[in-house]
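Remarks on the structure that follows.
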Amino acid sequence: MKALIIRSDSDRGVENFTVKAFNFLNKLGILKRYRPMPTEILAKKNVINCTQVP
């Protein structure tokens, strides 16, 4: 899964615009593969992947 990472406290204008644009496109059914993902979810997934034994 590919995703756009959302930083809730971002002060970058282009980053905030991109998140809003992708959310809008996802509601239309376009680019769902690149839906925004909060950094908290990404961090939890990384911890789970790092602690699993292959």
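Following the order of the structure tokens, first chain is A, next is B, and so on, with residues numbered from 1 inside each chain and ligands from 1 in the order they appear.
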
Neighbours of A:Ser8 within 12 Å (only C-alpha atoms; same-chain residues fewer than 6 positions away dropped), as a ChimeraX atom specification?
/A:15-16,19,36-40

Quick one: residues within 12 Å of A:Asn23, only C-alpha atoms counted, chain neighbours fewer than 5 positions away excluded, as a ChimeraX atom specification?
/A:3-6,16-18,28-37

Could you tell me, as a ChimeraX atom specification, which residues of chain A DSSP assigns to strand (DSSP E) when given the backbone?
/A:4-6,36-38

Could the residues in this selection be written to a file with C-alpha atoms, as a PDB file, in the first residue's frame?
ATOM      1  CA  LEU A   4       0.593  10.070   1.665  1.00  0.00           C
ATOM      2  CA  ILE A   5       1.780  10.724   5.214  1.00  0.00           C
ATOM      3  CA  ILE A   6      -0.206  13.300   7.188  1.00  0.00           C
ATOM      4  CA  PRO A  36      -3.483  10.097   3.252  1.00  0.00           C
ATOM      5  CA  MET A  37      -2.286   8.247   6.365  1.00  0.00           C
ATOM      6  CA  PRO A  38      -1.701   9.818   9.797  1.00  0.00           C
TER       7      PRO A  38
END

Atom CA of A:Gly13 to atom CA of A:Leu25 measures 18.3 Å

Among the residues of chain A, find those DSSP assigns to helix (DSSP H, G or I) from the backbone and print them as a PyMOL selection string.
chain A and resi 13-27+32-34+39-51

Preceding selection exported with N, CA and C atoms as a short mmCIF file (atom, residue, chain, number, x, y, z; two decimals), in the first residue's frame:
data_model
loop_
_atom_site.label_atom_id
_atom_site.label_comp_id
_atom_site.auth_asym_id
_atom_site.auth_seq_id
_atom_site.Cartn_x
_atom_site.Cartn_y
_atom_site.Cartn_z
N GLY A 13 2.61 24.75 3.41
CA GLY A 13 1.41 25.02 2.65
C GLY A 13 1.13 24.00 1.56
N VAL A 14 2.15 23.64 0.81
CA VAL A 14 1.96 22.67 -0.27
C VAL A 14 1.58 21.30 0.28
N GLU A 15 2.17 20.92 1.39
CA GLU A 15 1.84 19.63 2.03
C GLU A 15 0.38 19.61 2.47
N ASN A 16 -0.07 20.67 3.10
CA ASN A 16 -1.47 20.75 3.54
C ASN A 16 -2.42 20.74 2.35
N PHE A 17 -2.06 21.47 1.28
CA PHE A 17 -2.89 21.47 0.08
C PHE A 17 -2.97 20.08 -0.53
N THR A 18 -1.84 19.38 -0.59
CA THR A 18 -1.79 18.04 -1.19
C THR A 18 -2.68 17.07 -0.41
N VAL A 19 -2.65 17.14 0.91
CA VAL A 19 -3.50 16.26 1.73
C VAL A 19 -4.97 16.54 1.41
N LYS A 20 -5.35 17.81 1.34
CA LYS A 20 -6.74 18.16 1.03
C LYS A 20 -7.12 17.70 -0.37
N ALA A 21 -6.21 17.86 -1.33
CA ALA A 21 -6.49 17.45 -2.70
C ALA A 21 -6.67 15.93 -2.80
N PHE A 22 -5.79 15.17 -2.14
CA PHE A 22 -5.90 13.72 -2.18
C PHE A 22 -7.16 13.25 -1.46
N ASN A 23 -7.52 13.87 -0.37
CA ASN A 23 -8.77 13.52 0.31
C ASN A 23 -9.97 13.74 -0.61
N PHE A 24 -9.97 14.85 -1.32
CA PHE A 24 -11.05 15.15 -2.26
C PHE A 24 -11.09 14.11 -3.38
N LEU A 25 -9.94 13.82 -3.96
CA LEU A 25 -9.89 12.84 -5.05
C LEU A 25 -10.29 11.45 -4.57
N ASN A 26 -9.92 11.10 -3.35
CA ASN A 26 -10.31 9.79 -2.80
C ASN A 26 -11.82 9.69 -2.63
N LYS A 27 -12.47 10.79 -2.25
CA LYS A 27 -13.93 10.79 -2.12
C LYS A 27 -14.60 10.56 -3.47
N LYS A 32 -7.23 6.18 -4.81
CA LYS A 32 -7.43 5.61 -3.47
C LYS A 32 -6.16 4.93 -2.98
N ARG A 33 -5.33 4.48 -3.91
CA ARG A 33 -4.08 3.83 -3.52
C ARG A 33 -3.16 4.79 -2.77
N TYR A 34 -3.32 6.07 -3.01
CA TYR A 34 -2.47 7.09 -2.40
C TYR A 34 -3.23 7.91 -1.35
N THR A 39 0.55 9.98 10.69
CA THR A 39 1.86 9.47 11.10
C THR A 39 1.76 8.49 12.26
N GLU A 40 0.73 8.62 13.11
CA GLU A 40 0.57 7.71 14.25
C GLU A 40 0.37 6.27 13.75
N ILE A 41 -0.44 6.11 12.71
CA ILE A 41 -0.68 4.77 12.16
C ILE A 41 0.60 4.21 11.56
N LEU A 42 1.33 5.03 10.82
CA LEU A 42 2.58 4.58 10.23
C LEU A 42 3.57 4.15 11.30
N ALA A 43 3.68 4.92 12.37
CA ALA A 43 4.60 4.58 13.46
C ALA A 43 4.22 3.25 14.11
N LYS A 44 2.93 3.03 14.35
CA LYS A 44 2.48 1.77 14.96
C LYS A 44 2.80 0.58 14.06
N LYS A 45 2.58 0.75 12.75
CA LYS A 45 2.88 -0.33 11.80
C LYS A 45 4.37 -0.63 11.78
N ASN A 46 5.20 0.41 11.85
CA ASN A 46 6.65 0.21 11.87
C ASN A 46 7.10 -0.55 13.12
N VAL A 47 6.52 -0.22 14.26
CA VAL A 47 6.87 -0.91 15.50
C VAL A 47 6.49 -2.39 15.40
N ILE A 48 5.30 -2.66 14.89
CA ILE A 48 4.86 -4.05 14.75
C ILE A 48 5.79 -4.81 13.82
N ASN A 49 6.16 -4.20 12.69
CA ASN A 49 7.04 -4.88 11.73
C ASN A 49 8.43 -5.10 12.29
N CYS A 50 8.92 -4.17 13.09
CA CYS A 50 10.26 -4.31 13.65
C CYS A 50 10.33 -5.36 14.76
N THR A 51 9.23 -5.60 15.45
CA THR A 51 9.25 -6.53 16.56
C THR A 51 8.91 -7.96 16.15
#
